[in-house]
>>> print(open('run02.cif').read())   # mmCIF, C-alpha atoms
data_protein
#
loop_
_atom_site.group_PDB
_atom_site.id
_atom_site.type_symbol
_atom_site.label_atom_id
_atom_site.label_comp_id
_atom_site.auth_asym_id
_atom_site.auth_seq_id
_atom_site.Cartn_x
_atom_site.Cartn_y
_atom_site.Cartn_z
ATOM 1 C CA MET A 1 -7.777 -20.547 9.962
ATOM 2 C CA HIS A 2 -7.684 -17.478 12.183
ATOM 3 C CA PHE A 3 -8.739 -14.158 10.618
ATOM 4 C CA THR A 4 -9.971 -10.988 12.314
ATOM 5 C CA GLY A 5 -12.118 -8.418 10.510
ATOM 6 C CA THR A 6 -11.870 -7.738 6.782
ATOM 7 C CA ILE A 7 -8.741 -9.219 5.255
ATOM 8 C CA TRP A 8 -6.867 -6.882 2.934
ATOM 9 C CA ARG A 9 -4.181 -7.882 0.466
ATOM 10 C CA PRO A 10 -2.719 -6.195 -2.613
ATOM 11 C CA PRO A 11 -4.263 -7.384 -5.909
ATOM 12 C CA TYR A 12 -0.913 -8.796 -7.021
ATOM 13 C CA GLU A 13 -0.829 -11.121 -3.982
ATOM 14 C CA ALA A 14 -3.851 -13.071 -5.249
ATOM 15 C CA TYR A 15 -1.881 -16.300 -5.586
ATOM 16 C CA SER A 16 0.059 -16.011 -2.343
ATOM 17 C CA ALA A 17 -0.785 -18.100 0.726
ATOM 18 C CA LEU A 18 -2.465 -15.671 3.159
ATOM 19 C CA VAL A 19 -1.651 -16.044 6.835
ATOM 20 C CA GLN A 20 -2.705 -13.620 9.577
ATOM 21 C CA VAL A 21 0.176 -12.625 11.850
ATOM 22 C CA THR A 22 -1.219 -9.281 13.051
ATOM 23 C CA ALA A 23 -4.602 -7.568 13.068
ATOM 24 C CA GLY A 24 -5.290 -3.850 13.104
ATOM 25 C CA CYS A 25 -2.811 -1.026 12.584
ATOM 26 C CA THR A 26 -0.109 0.282 14.902
ATOM 27 C CA HIS A 27 -0.717 3.851 13.699
ATOM 28 C CA HIS A 28 -4.485 4.005 13.222
ATOM 29 C CA LYS A 29 -4.455 7.804 12.855
ATOM 30 C CA CYS A 30 -4.674 8.528 9.101
ATOM 31 C CA LYS A 31 -7.610 10.874 8.609
ATOM 32 C CA PHE A 32 -8.913 9.173 5.463
ATOM 33 C CA CYS A 33 -8.653 5.548 6.610
ATOM 34 C CA THR A 34 -11.622 3.357 7.548
ATOM 35 C CA LEU A 35 -10.083 0.006 6.584
ATOM 36 C CA TYR A 36 -9.731 -1.375 10.099
ATOM 37 C CA GLU A 37 -12.765 0.100 11.821
ATOM 38 C CA ASP A 38 -14.308 -3.371 12.123
ATOM 39 C CA VAL A 39 -11.377 -4.577 14.259
ATOM 40 C CA PRO A 40 -12.301 -4.353 17.977
ATOM 41 C CA PHE A 41 -8.809 -3.207 19.012
ATOM 42 C CA LYS A 42 -6.019 -1.045 17.609
ATOM 43 C CA PHE A 43 -3.312 -3.632 16.936
ATOM 44 C CA ARG A 44 -2.511 -7.162 17.998
ATOM 45 C CA MET A 45 0.012 -9.806 17.060
ATOM 46 C CA SER A 46 -1.440 -13.253 16.534
ATOM 47 C CA PRO A 47 -0.202 -15.890 18.988
ATOM 48 C CA ILE A 48 2.630 -17.883 17.437
ATOM 49 C CA SER A 49 0.632 -21.050 18.101
ATOM 50 C CA GLU A 50 -2.202 -19.717 15.886
ATOM 51 C CA VAL A 51 0.190 -18.749 13.091
ATOM 52 C CA GLU A 52 1.825 -22.184 13.159
ATOM 53 C CA SER A 53 -1.575 -23.883 13.220
ATOM 54 C CA ASP A 54 -2.677 -21.912 10.158
ATOM 55 C CA LEU A 55 0.554 -22.581 8.274
ATOM 56 C CA LYS A 56 0.213 -26.270 9.027
ATOM 57 C CA GLU A 57 -3.433 -26.324 7.916
ATOM 58 C CA ILE A 58 -2.984 -24.633 4.535
ATOM 59 C CA SER A 59 0.234 -26.499 3.796
ATOM 60 C CA ARG A 60 -1.885 -29.623 3.410
ATOM 61 C CA TYR A 61 -3.535 -28.071 0.363
ATOM 62 C CA TYR A 62 -0.934 -25.626 -0.991
ATOM 63 C CA HIS A 63 2.309 -27.298 -0.028
ATOM 64 C CA ASN A 64 4.207 -26.058 -3.065
ATOM 65 C CA THR A 65 3.265 -22.392 -2.846
ATOM 66 C CA LYS A 66 6.145 -20.090 -3.758
ATOM 67 C CA ARG A 67 5.075 -17.079 -1.693
ATOM 68 C CA VAL A 68 3.451 -16.415 1.675
ATOM 69 C CA PHE A 69 1.793 -13.089 2.435
ATOM 70 C CA PHE A 70 1.338 -12.081 6.073
ATOM 71 C CA THR A 71 -1.929 -10.192 6.539
ATOM 72 C CA GLY A 72 -2.559 -7.240 8.823
ATOM 73 C CA ALA A 73 -2.122 -3.500 8.268
ATOM 74 C CA ASN A 74 1.621 -3.537 8.962
ATOM 75 C CA PRO A 75 3.152 -6.819 10.157
ATOM 76 C CA PHE A 76 6.632 -5.434 9.456
ATOM 77 C CA ALA A 77 6.173 -3.438 12.664
ATOM 78 C CA LEU A 78 7.004 -6.624 14.561
ATOM 79 C CA SER A 79 10.477 -6.892 16.034
ATOM 80 C CA PHE A 80 13.345 -8.465 14.123
ATOM 81 C CA GLU A 81 13.251 -11.534 16.377
ATOM 82 C CA LYS A 82 9.516 -12.078 15.872
ATOM 83 C CA LEU A 83 9.809 -11.662 12.110
ATOM 84 C CA LYS A 84 12.707 -14.123 12.142
ATOM 85 C CA THR A 85 10.629 -16.663 14.083
ATOM 86 C CA LEU A 86 7.758 -16.288 11.608
ATOM 87 C CA ALA A 87 10.116 -16.789 8.664
ATOM 88 C CA GLU A 88 11.448 -19.967 10.243
ATOM 89 C CA LEU A 89 7.889 -21.279 10.592
ATOM 90 C CA VAL A 90 7.241 -20.541 6.920
ATOM 91 C CA LYS A 91 10.355 -22.506 6.001
ATOM 92 C CA LYS A 92 9.195 -25.398 8.188
ATOM 93 C CA TYR A 93 5.829 -25.770 6.490
ATOM 94 C CA TYR A 94 6.696 -24.343 3.082
ATOM 95 C CA PRO A 95 10.217 -25.548 2.312
ATOM 96 C CA ASN A 96 9.831 -24.468 -1.316
ATOM 97 C CA ALA A 97 8.640 -20.937 -0.526
ATOM 98 C CA GLN A 98 10.821 -18.341 -2.204
ATOM 99 C CA SER A 99 9.587 -15.175 -0.500
ATOM 100 C CA ILE A 100 7.450 -13.641 2.231
ATOM 101 C CA GLY A 101 5.482 -10.432 1.762
ATOM 102 C CA CYS A 102 3.464 -8.108 3.978
ATOM 103 C CA PHE A 103 2.294 -4.538 4.381
ATOM 104 C CA SER A 104 4.674 -2.108 6.056
ATOM 105 C CA ARG A 105 4.677 1.481 7.218
ATOM 106 C CA ILE A 106 7.790 3.578 6.654
ATOM 107 C CA THR A 107 8.126 3.826 10.428
ATOM 108 C CA ASP A 108 8.307 0.016 10.704
ATOM 109 C CA ILE A 109 11.624 0.005 8.852
ATOM 110 C CA THR A 110 13.323 2.654 11.006
ATOM 111 C CA PRO A 111 13.966 0.631 14.209
ATOM 112 C CA LYS A 112 15.654 -2.205 12.335
ATOM 113 C CA THR A 113 19.386 -2.017 11.720
ATOM 114 C CA THR A 114 20.723 -2.414 8.222
ATOM 115 C CA GLU A 115 22.174 -5.782 9.203
ATOM 116 C CA GLN A 116 18.780 -6.910 10.506
ATOM 117 C CA LEU A 117 17.135 -5.838 7.249
ATOM 118 C CA ARG A 118 19.788 -7.766 5.333
ATOM 119 C CA GLU A 119 19.109 -10.859 7.462
ATOM 120 C CA LEU A 120 15.345 -10.533 6.968
ATOM 121 C CA ARG A 121 15.951 -10.370 3.224
ATOM 122 C CA ARG A 122 18.028 -13.544 3.485
ATOM 123 C CA LEU A 123 15.173 -15.201 5.394
ATOM 124 C CA GLY A 124 12.813 -14.472 2.505
ATOM 125 C CA TYR A 125 11.179 -11.106 3.185
ATOM 126 C CA ASN A 126 10.828 -9.300 -0.132
ATOM 127 C CA SER A 127 8.422 -7.106 -2.101
ATOM 128 C CA LEU A 128 7.010 -5.281 0.918
ATOM 129 C CA THR A 129 3.940 -3.182 0.169
ATOM 130 C CA ILE A 130 4.235 0.298 1.675
ATOM 131 C CA GLY A 131 1.310 2.717 1.882
ATOM 132 C CA VAL A 132 3.291 5.900 1.355
ATOM 133 C CA GLU A 133 0.189 7.471 -0.309
ATOM 134 C CA ALA A 134 2.186 10.469 -1.598
ATOM 135 C CA GLY A 135 5.509 12.257 -1.548
ATOM 136 C CA ASP A 136 4.097 15.660 -0.657
ATOM 137 C CA GLU A 137 4.924 17.079 2.763
ATOM 138 C CA GLU A 138 1.742 19.122 3.159
ATOM 139 C CA ALA A 139 -0.566 16.205 2.343
ATOM 140 C CA LEU A 140 1.323 13.712 4.521
ATOM 141 C CA SER A 141 1.223 16.119 7.460
ATOM 142 C CA PHE A 142 -2.445 17.040 7.093
ATOM 143 C CA MET A 143 -3.520 13.414 6.740
ATOM 144 C CA ARG A 144 -1.429 12.537 9.805
ATOM 145 C CA LYS A 145 0.542 9.739 8.134
ATOM 146 C CA GLY A 146 3.185 9.816 10.854
ATOM 147 C CA PHE A 147 6.149 10.259 8.492
ATOM 148 C CA GLY A 148 7.356 12.709 5.879
ATOM 149 C CA THR A 149 9.224 12.712 2.596
ATOM 150 C CA LYS A 150 12.638 12.619 4.277
ATOM 151 C CA GLU A 151 11.723 9.395 6.078
ATOM 152 C CA ILE A 152 10.327 7.845 2.885
ATOM 153 C CA ILE A 153 13.593 8.498 1.025
ATOM 154 C CA THR A 154 15.876 7.438 3.881
ATOM 155 C CA GLU A 155 14.140 4.170 4.728
ATOM 156 C CA CYS A 156 13.490 3.039 1.165
ATOM 157 C CA LYS A 157 17.123 3.652 0.281
ATOM 158 C CA ARG A 158 18.003 1.319 3.161
ATOM 159 C CA LEU A 159 15.784 -1.332 1.577
ATOM 160 C CA ASP A 160 17.542 -0.711 -1.738
ATOM 161 C CA GLU A 161 20.875 -1.188 0.006
ATOM 162 C CA VAL A 162 19.997 -4.675 1.266
ATOM 163 C CA GLY A 163 18.247 -5.750 -1.928
ATOM 164 C CA MET A 164 14.728 -5.897 -0.456
ATOM 165 C CA GLU A 165 12.179 -4.962 -3.108
ATOM 166 C CA TYR A 166 9.174 -2.823 -2.230
ATOM 167 C CA ASN A 167 5.946 -1.556 -3.788
ATOM 168 C CA PHE A 168 4.128 1.723 -3.170
ATOM 169 C CA PHE A 169 0.449 2.391 -2.669
ATOM 170 C CA TYR A 170 -0.372 5.842 -4.049
ATOM 171 C CA LEU A 171 -3.604 7.645 -3.150
ATOM 172 C CA ALA A 172 -4.928 9.940 -5.884
ATOM 173 C CA GLY A 173 -6.866 12.831 -4.391
ATOM 174 C CA ILE A 174 -4.869 13.053 -1.168
ATOM 175 C CA TYR A 175 -3.776 16.645 -1.827
ATOM 176 C CA GLY A 176 -7.227 18.217 -1.855
ATOM 177 C CA SER A 177 -8.927 20.429 -4.412
ATOM 178 C CA GLY A 178 -6.567 22.745 -6.259
ATOM 179 C CA ARG A 179 -3.367 20.997 -5.137
ATOM 180 C CA GLY A 180 -3.369 17.923 -7.364
ATOM 181 C CA GLU A 181 -0.810 19.126 -9.884
ATOM 182 C CA THR A 182 1.602 20.517 -7.290
ATOM 183 C CA GLY A 183 1.270 17.453 -5.091
ATOM 184 C CA ALA A 184 1.790 15.030 -7.979
ATOM 185 C CA LYS A 185 4.954 16.846 -9.079
ATOM 186 C CA ASN A 186 6.290 16.800 -5.516
ATOM 187 C CA THR A 187 5.524 13.090 -5.261
ATOM 188 C CA ALA A 188 7.278 12.344 -8.554
ATOM 189 C CA ARG A 189 10.407 14.100 -7.258
ATOM 190 C CA VAL A 190 10.437 11.802 -4.220
ATOM 191 C CA PHE A 191 9.580 8.599 -6.078
ATOM 192 C CA ASN A 192 12.216 9.327 -8.738
ATOM 193 C CA GLN A 193 14.910 8.981 -6.074
ATOM 194 C CA LEU A 194 13.761 5.444 -5.217
ATOM 195 C CA HIS A 195 13.127 2.067 -6.826
ATOM 196 C CA PRO A 196 9.561 0.863 -6.197
ATOM 197 C CA LYS A 197 8.928 -2.293 -8.199
ATOM 198 C CA ILE A 198 5.214 -1.505 -8.506
ATOM 199 C CA ILE A 199 3.227 1.680 -7.872
ATOM 200 C CA VAL A 200 -0.425 0.852 -7.230
ATOM 201 C CA ASN A 201 -2.919 3.671 -7.478
ATOM 202 C CA SER A 202 -6.086 3.918 -5.420
ATOM 203 C CA MET A 203 -8.470 6.868 -5.555
ATOM 204 C CA LEU A 204 -9.497 8.601 -2.369
ATOM 205 C CA THR A 205 -13.020 7.720 -1.288
ATOM 206 C CA VAL A 206 -14.229 9.666 1.730
ATOM 207 C CA TYR A 207 -16.538 7.769 4.064
ATOM 208 C CA SER A 208 -18.679 9.448 6.712
ATOM 209 C CA THR A 209 -16.985 7.548 9.541
ATOM 210 C CA SER A 210 -13.552 8.977 8.707
ATOM 211 C CA GLU A 211 -11.946 11.954 10.395
ATOM 212 C CA LEU A 212 -11.410 13.448 6.935
ATOM 213 C CA TYR A 213 -15.174 13.611 6.438
ATOM 214 C CA GLN A 214 -15.409 15.812 9.541
ATOM 215 C CA GLU A 215 -12.592 18.029 8.247
ATOM 216 C CA ILE A 216 -14.621 18.561 5.065
ATOM 217 C CA GLN A 217 -17.782 19.330 7.044
ATOM 218 C CA ASN A 218 -15.817 21.865 9.110
ATOM 219 C CA GLY A 219 -14.524 23.575 5.972
ATOM 220 C CA ASN A 220 -10.884 22.657 6.618
ATOM 221 C CA TRP A 221 -10.358 20.626 3.439
ATOM 222 C CA ALA A 222 -12.032 20.233 0.047
ATOM 223 C CA GLU A 223 -12.080 17.043 -1.999
ATOM 224 C CA GLU A 224 -10.749 16.948 -5.551
ATOM 225 C CA THR A 225 -13.304 16.322 -8.279
ATOM 226 C CA GLU A 226 -13.085 12.971 -10.059
ATOM 227 C CA ILE A 227 -11.664 14.659 -13.138
ATOM 228 C CA GLU A 228 -9.082 16.436 -10.969
ATOM 229 C CA LYS A 229 -7.983 13.036 -9.696
ATOM 230 C CA LEU A 230 -7.562 11.781 -13.260
ATOM 231 C CA TYR A 231 -5.563 14.873 -14.186
ATOM 232 C CA GLU A 232 -3.420 14.374 -11.082
ATOM 233 C CA LEU A 233 -2.650 10.815 -12.241
ATOM 234 C CA LYS A 234 -1.611 12.137 -15.639
ATOM 235 C CA ILE A 235 0.760 14.678 -14.063
ATOM 236 C CA LEU A 236 2.305 12.032 -11.832
ATOM 237 C CA ILE A 237 2.909 9.632 -14.727
ATOM 238 C CA GLU A 238 4.325 12.443 -16.886
ATOM 239 C CA ASN A 239 6.862 13.304 -14.205
ATOM 240 C CA LEU A 240 7.958 9.809 -13.188
ATOM 241 C CA ASN A 241 11.247 8.800 -14.834
ATOM 242 C CA ILE A 242 12.003 5.550 -12.986
ATOM 243 C CA ASP A 243 11.701 1.965 -14.154
ATOM 244 C CA THR A 244 8.503 0.725 -12.494
ATOM 245 C CA TYR A 245 5.125 -0.834 -13.170
ATOM 246 C CA PHE A 246 2.255 1.592 -12.584
ATOM 247 C CA ALA A 247 -1.334 0.404 -12.298
ATOM 248 C CA THR A 248 -4.723 1.474 -11.005
ATOM 249 C CA MET A 249 -5.901 -1.526 -8.993
ATOM 250 C CA GLY A 250 -8.958 -2.003 -6.828
ATOM 251 C CA ALA A 251 -12.572 -0.875 -6.762
ATOM 252 C CA SER A 252 -11.754 2.723 -5.804
ATOM 253 C CA ASN A 253 -10.514 3.427 -9.341
ATOM 254 C CA CYS A 254 -13.208 4.539 -11.752
ATOM 255 C CA ILE A 255 -10.941 3.885 -14.772
ATOM 256 C CA ASN A 256 -8.081 1.537 -15.522
ATOM 257 C CA VAL A 257 -4.621 2.625 -16.632
ATOM 258 C CA GLU A 258 -1.504 0.506 -16.347
ATOM 259 C CA GLY A 259 1.837 -0.080 -17.944
ATOM 260 C CA HIS A 260 5.588 -0.200 -17.535
ATOM 261 C CA LEU A 261 7.334 3.127 -17.088
ATOM 262 C CA PRO A 262 9.000 4.698 -18.905
ATOM 263 C CA ARG A 263 8.250 2.355 -21.842
ATOM 264 C CA ASP A 264 4.468 2.846 -21.867
ATOM 265 C CA LYS A 265 4.363 6.456 -20.634
ATOM 266 C CA ALA A 266 3.169 8.057 -23.888
ATOM 267 C CA LYS A 267 0.417 5.460 -24.348
ATOM 268 C CA MET A 268 -0.783 5.861 -20.754
ATOM 269 C CA ILE A 269 -0.871 9.655 -20.998
ATOM 270 C CA GLN A 270 -2.730 9.496 -24.310
ATOM 271 C CA TRP A 271 -5.329 7.198 -22.745
ATOM 272 C CA LEU A 272 -5.772 9.501 -19.734
ATOM 273 C CA ASP A 273 -6.108 12.532 -22.012
ATOM 274 C CA SER A 274 -8.896 10.811 -23.932
ATOM 275 C CA VAL A 275 -10.685 9.833 -20.705
ATOM 276 C CA ILE A 276 -10.367 13.328 -19.237
ATOM 277 C CA ASP A 277 -11.672 14.932 -22.447
ATOM 278 C CA SER A 278 -14.764 12.728 -22.521
ATOM 279 C CA ALA A 279 -15.393 12.225 -18.818
ATOM 280 C CA ASP A 280 -18.728 13.085 -17.233
ATOM 281 C CA GLU A 281 -18.075 14.337 -13.693
ATOM 282 C CA LYS A 282 -21.582 13.464 -12.553
ATOM 283 C CA GLU A 283 -21.276 9.862 -13.716
ATOM 284 C CA LEU A 284 -17.855 9.466 -12.138
ATOM 285 C CA ARG A 285 -19.127 10.991 -8.921
ATOM 286 C CA ARG A 286 -22.092 8.655 -8.919
ATOM 287 C CA TYR A 287 -19.676 5.731 -9.098
ATOM 288 C CA ARG A 288 -17.740 7.101 -6.102
ATOM 289 C CA GLU A 289 -20.878 7.681 -4.032
ATOM 290 C CA ASN A 290 -22.166 4.165 -4.716
ATOM 291 C CA LEU A 291 -18.879 2.597 -3.641
ATOM 292 C CA ARG A 292 -20.066 1.216 -0.321
ATOM 293 C CA HIS A 293 -16.824 -0.447 0.601
ATOM 294 C CA LEU A 294 -13.270 -0.566 -0.715
#
>>> encode(input="run02.cif", output="structure tokens")
Amino acid sequence: MHFTGTIWRPPYEAYSALVQVTAGCTHHKCKFCTLYEDVPFKFRMSPISEVESDLKEISRYYHNTKRVFFTGANPFALSFEKLKTLAELVKKYYPNAQSIGCFSRITDITPKTTEQLRELRRLGYNSLTIGVEAGDEEALSFMRKGFGTKEIITECKRLDEVGMEYNFFYLAGIYGSGRGETGAKNTARVFNQLHPKIIVNSMLTVYSTSELYQEIQNGNWAEETEIEKLYELKILIENLNIDTYFATMGASNCINVEGHLPRDKAKMIQWLDSVIDSADEKELRRYRENLRHL
């Protein structure tokens, strides 16, 4: 098997067959991100021969897998033709596979026509995981995400149109100290116009090798406290009115809250209220500072 650097996958892809088709990130400019700093280049597509070799190898052991997940920061950046070729290889070695997943940036969707998206859906691409992080213009701009709220709405509605499901990664703490409530309300207004199947929450952890760390040292940005991040989560959940599954997943979260919205909203808010009321900021901060790696 061919893998480069740390391999990241969403928690809900634990039972998918993992195959590397790209390594690194096409954008590589988000101020908070250190996920791909161990990759010795910015972005690279794996040779088709390597992908086919890996598919052939794991098919010997997991021939009946129902889902394949392409690893890399944003494999959906690949051209329509390359994604089509990869899907055909999956079908060759996994004839019973029902879907193909991967990470995607909003900007990876834009170059593809609606008909191409519809064809990719037919070929099996579904449940893309998109790191939108937030739906707040100020935060997206400051963190240099490379897209704004207008692009999030436009491109995700195109996915809705062709029946391609998608999931959001949300980053609690992205707004900075004092802006959590405003940012969460802005994000809810954007998300409420869309249909993410799952919203996965991570909590911002600032590492010294990130550009965001330097912004903090220079006095240009202040991090939210851990309790602020919890309050921000509560505000977001309160203001979401779409049918989705919301969950804190991954080591960056100091507490766990999950449920189906809107069905479990009251229970989730009650749980967050109880945590916020009893939380010890120093203990939560100690957890964050001892988190050596995501």
>>> resolve_selection(input="run02.cif", expression="the PyMOL selection byres ((chain A and resi 54) around 10)", output="list in words")
Met1, His2, Phe3, Leu18, Val19, Gln20, Val21, Ile48, Ser49, Glu50, Val51, Glu52, Ser53, Leu55, Lys56, Glu57, Ile58 and Ser59 of chain A
>>> closest_residue(input="run02.cif", among="A:Phe43, A:Asp273, A:Thr113, A:Thr248", to="Glu155 of chain A", atoms="all atoms listed in the file")
A:Thr113
>>> closest_atom_pairs(input="run02.cif", of="segment 98-172 of chain A", to="segment 215-221 of chain A", cutoff="12 Å", atoms="only C-alpha atoms", output="JSON lines")
{"residue": "A:Ala139", "atom": "CA", "partner": "A:Trp221", "partner_atom": "CA", "distance": 10.8}
{"residue": "A:Phe142", "atom": "CA", "partner": "A:Trp221", "partner_atom": "CA", "distance": 9.4}
{"residue": "A:Met143", "atom": "CA", "partner": "A:Glu215", "partner_atom": "CA", "distance": 10.3}
>>> resolve_selection(input="run02.cif", expression="the PyMOL selection byres ((chain A and resi 9) around 12)", output="PDB file with C-alpha atoms, keeping the file's coordinate frame")
ATOM      1  CA  THR A   6     -11.870  -7.738   6.782  1.00  0.00           C
ATOM      2  CA  ILE A   7      -8.741  -9.219   5.255  1.00  0.00           C
ATOM      3  CA  TRP A   8      -6.867  -6.882   2.934  1.00  0.00           C
ATOM      4  CA  PRO A  10      -2.719  -6.195  -2.613  1.00  0.00           C
ATOM      5  CA  PRO A  11      -4.263  -7.384  -5.909  1.00  0.00           C
ATOM      6  CA  TYR A  12      -0.913  -8.796  -7.021  1.00  0.00           C
ATOM      7  CA  GLU A  13      -0.829 -11.121  -3.982  1.00  0.00           C
ATOM      8  CA  ALA A  14      -3.851 -13.071  -5.249  1.00  0.00           C
ATOM      9  CA  TYR A  15      -1.881 -16.300  -5.586  1.00  0.00           C
ATOM     10  CA  SER A  16       0.059 -16.011  -2.343  1.00  0.00           C
ATOM     11  CA  ALA A  17      -0.785 -18.100   0.726  1.00  0.00           C
ATOM     12  CA  LEU A  18      -2.465 -15.671   3.159  1.00  0.00           C
ATOM     13  CA  VAL A  19      -1.651 -16.044   6.835  1.00  0.00           C
ATOM     14  CA  GLN A  20      -2.705 -13.620   9.577  1.00  0.00           C
ATOM     15  CA  LEU A  35     -10.083   0.006   6.584  1.00  0.00           C
ATOM     16  CA  VAL A  68       3.451 -16.415   1.675  1.00  0.00           C
ATOM     17  CA  PHE A  69       1.793 -13.089   2.435  1.00  0.00           C
ATOM     18  CA  PHE A  70       1.338 -12.081   6.073  1.00  0.00           C
ATOM     19  CA  THR A  71      -1.929 -10.192   6.539  1.00  0.00           C
ATOM     20  CA  GLY A  72      -2.559  -7.240   8.823  1.00  0.00           C
ATOM     21  CA  ALA A  73      -2.122  -3.500   8.268  1.00  0.00           C
ATOM     22  CA  ASN A  74       1.621  -3.537   8.962  1.00  0.00           C
ATOM     23  CA  GLY A 101       5.482 -10.432   1.762  1.00  0.00           C
ATOM     24  CA  CYS A 102       3.464  -8.108   3.978  1.00  0.00           C
ATOM     25  CA  PHE A 103       2.294  -4.538   4.381  1.00  0.00           C
ATOM     26  CA  SER A 104       4.674  -2.108   6.056  1.00  0.00           C
ATOM     27  CA  LEU A 128       7.010  -5.281   0.918  1.00  0.00           C
ATOM     28  CA  THR A 129       3.940  -3.182   0.169  1.00  0.00           C
ATOM     29  CA  ILE A 130       4.235   0.298   1.675  1.00  0.00           C
ATOM     30  CA  PHE A 169       0.449   2.391  -2.669  1.00  0.00           C
ATOM     31  CA  MET A 249      -5.901  -1.526  -8.993  1.00  0.00           C
ATOM     32  CA  GLY A 250      -8.958  -2.003  -6.828  1.00  0.00           C
ATOM     33  CA  LEU A 294     -13.270  -0.566  -0.715  1.00  0.00           C
TER      34      LEU A 294
END
>>> residues_around(input="run02.cif", residues="Lys157 of chain A", least_positions_apart="3", cutoff="12 Å", atoms="only C-alpha atoms", output="MDAnalysis selection string")
chainID A and resid 106 109:110 114 117 150:154 160:166 190:196
>>> residues_around(input="run02.cif", residues="His293 of chain A", least_positions_apart="4", cutoff="9 Å", atoms="only C-alpha atoms", output="list of chain:residue names")
A:Tyr207, A:Ala251, A:Ser252
>>> write_last_selection(input="run02.cif", atoms="C-alpha atoms", output="compact mmCIF listing (two decimals), in the frame of the given file")
# COMPACT_ATOMS: atom_id res chain seq x y z
CA TYR A 207 -16.54 7.77 4.06
CA ALA A 251 -12.57 -0.88 -6.76
CA SER A 252 -11.75 2.72 -5.80
>>> closest_residue(input="run02.cif", among="A:Leu240, A:Leu272, A:Ile174, A:Ala23", to="Val132 of chain A", atoms="all atoms listed in the file")
A:Ile174
>>> closest_residue(input="run02.cif", among="A:Tyr231, A:Phe80, A:Tyr61, A:Tyr287", to="Leu123 of chain A", atoms="only C-alpha atoms")
A:Phe80
>>> closest_residue(input="run02.cif", among="A:Cys156, A:Cys30, A:Leu78, A:Leu171", to="Pro111 of chain A", atoms="all atoms listed in the file")
A:Leu78
>>> resolve_selection(input="run02.cif", expression="the PyMOL selection byres ((chain A and resi 33) around 9)", output="ChimeraX atom specification")
/A:28-32,34-37,206-207,210-212
>>> residues_near_point(input="run02.cif", point="(-13.1, 6.9, -14.9)", cutoff="12 Å", atoms="only C-alpha atoms", output="mmCIF file with C-alpha atoms, keeping the file's coordinate frame")
data_model
loop_
_atom_site.group_PDB
_atom_site.id
_atom_site.type_symbol
_atom_site.label_atom_id
_atom_site.label_comp_id
_atom_site.auth_asym_id
_atom_site.auth_seq_id
_atom_site.Cartn_x
_atom_site.Cartn_y
_atom_site.Cartn_z
ATOM 1 C CA MET A 203 -8.470 6.868 -5.555
ATOM 2 C CA THR A 225 -13.304 16.322 -8.279
ATOM 3 C CA GLU A 226 -13.085 12.971 -10.059
ATOM 4 C CA ILE A 227 -11.664 14.659 -13.138
ATOM 5 C CA GLU A 228 -9.082 16.436 -10.969
ATOM 6 C CA LYS A 229 -7.983 13.036 -9.696
ATOM 7 C CA LEU A 230 -7.562 11.781 -13.260
ATOM 8 C CA TYR A 231 -5.563 14.873 -14.186
ATOM 9 C CA LEU A 233 -2.650 10.815 -12.241
ATOM 10 C CA THR A 248 -4.723 1.474 -11.005
ATOM 11 C CA ALA A 251 -12.572 -0.875 -6.762
ATOM 12 C CA SER A 252 -11.754 2.723 -5.804
ATOM 13 C CA ASN A 253 -10.514 3.427 -9.341
ATOM 14 C CA CYS A 254 -13.208 4.539 -11.752
ATOM 15 C CA ILE A 255 -10.941 3.885 -14.772
ATOM 16 C CA ASN A 256 -8.081 1.537 -15.522
ATOM 17 C CA VAL A 257 -4.621 2.625 -16.632
ATOM 18 C CA TRP A 271 -5.329 7.198 -22.745
ATOM 19 C CA LEU A 272 -5.772 9.501 -19.734
ATOM 20 C CA ASP A 273 -6.108 12.532 -22.012
ATOM 21 C CA SER A 274 -8.896 10.811 -23.932
ATOM 22 C CA VAL A 275 -10.685 9.833 -20.705
ATOM 23 C CA ILE A 276 -10.367 13.328 -19.237
ATOM 24 C CA ASP A 277 -11.672 14.932 -22.447
ATOM 25 C CA SER A 278 -14.764 12.728 -22.521
ATOM 26 C CA ALA A 279 -15.393 12.225 -18.818
ATOM 27 C CA ASP A 280 -18.728 13.085 -17.233
ATOM 28 C CA GLU A 281 -18.075 14.337 -13.693
ATOM 29 C CA LYS A 282 -21.582 13.464 -12.553
ATOM 30 C CA GLU A 283 -21.276 9.862 -13.716
ATOM 31 C CA LEU A 284 -17.855 9.466 -12.138
ATOM 32 C CA ARG A 285 -19.127 10.991 -8.921
ATOM 33 C CA ARG A 286 -22.092 8.655 -8.919
ATOM 34 C CA TYR A 287 -19.676 5.731 -9.098
ATOM 35 C CA ARG A 288 -17.740 7.101 -6.102
#
>>> closest_residue(input="run02.cif", among="A:Arg158, A:Lys145, A:Lys112, A:Lys66", to="Gly124 of chain A", atoms="only C-alpha atoms")
A:Lys66
>>> closest_residue(input="run02.cif", among="A:Asn167, A:Ser141, A:Gln116, A:Ser208", to="Tyr245 of chain A", atoms="all atoms listed in the file")
A:Asn167
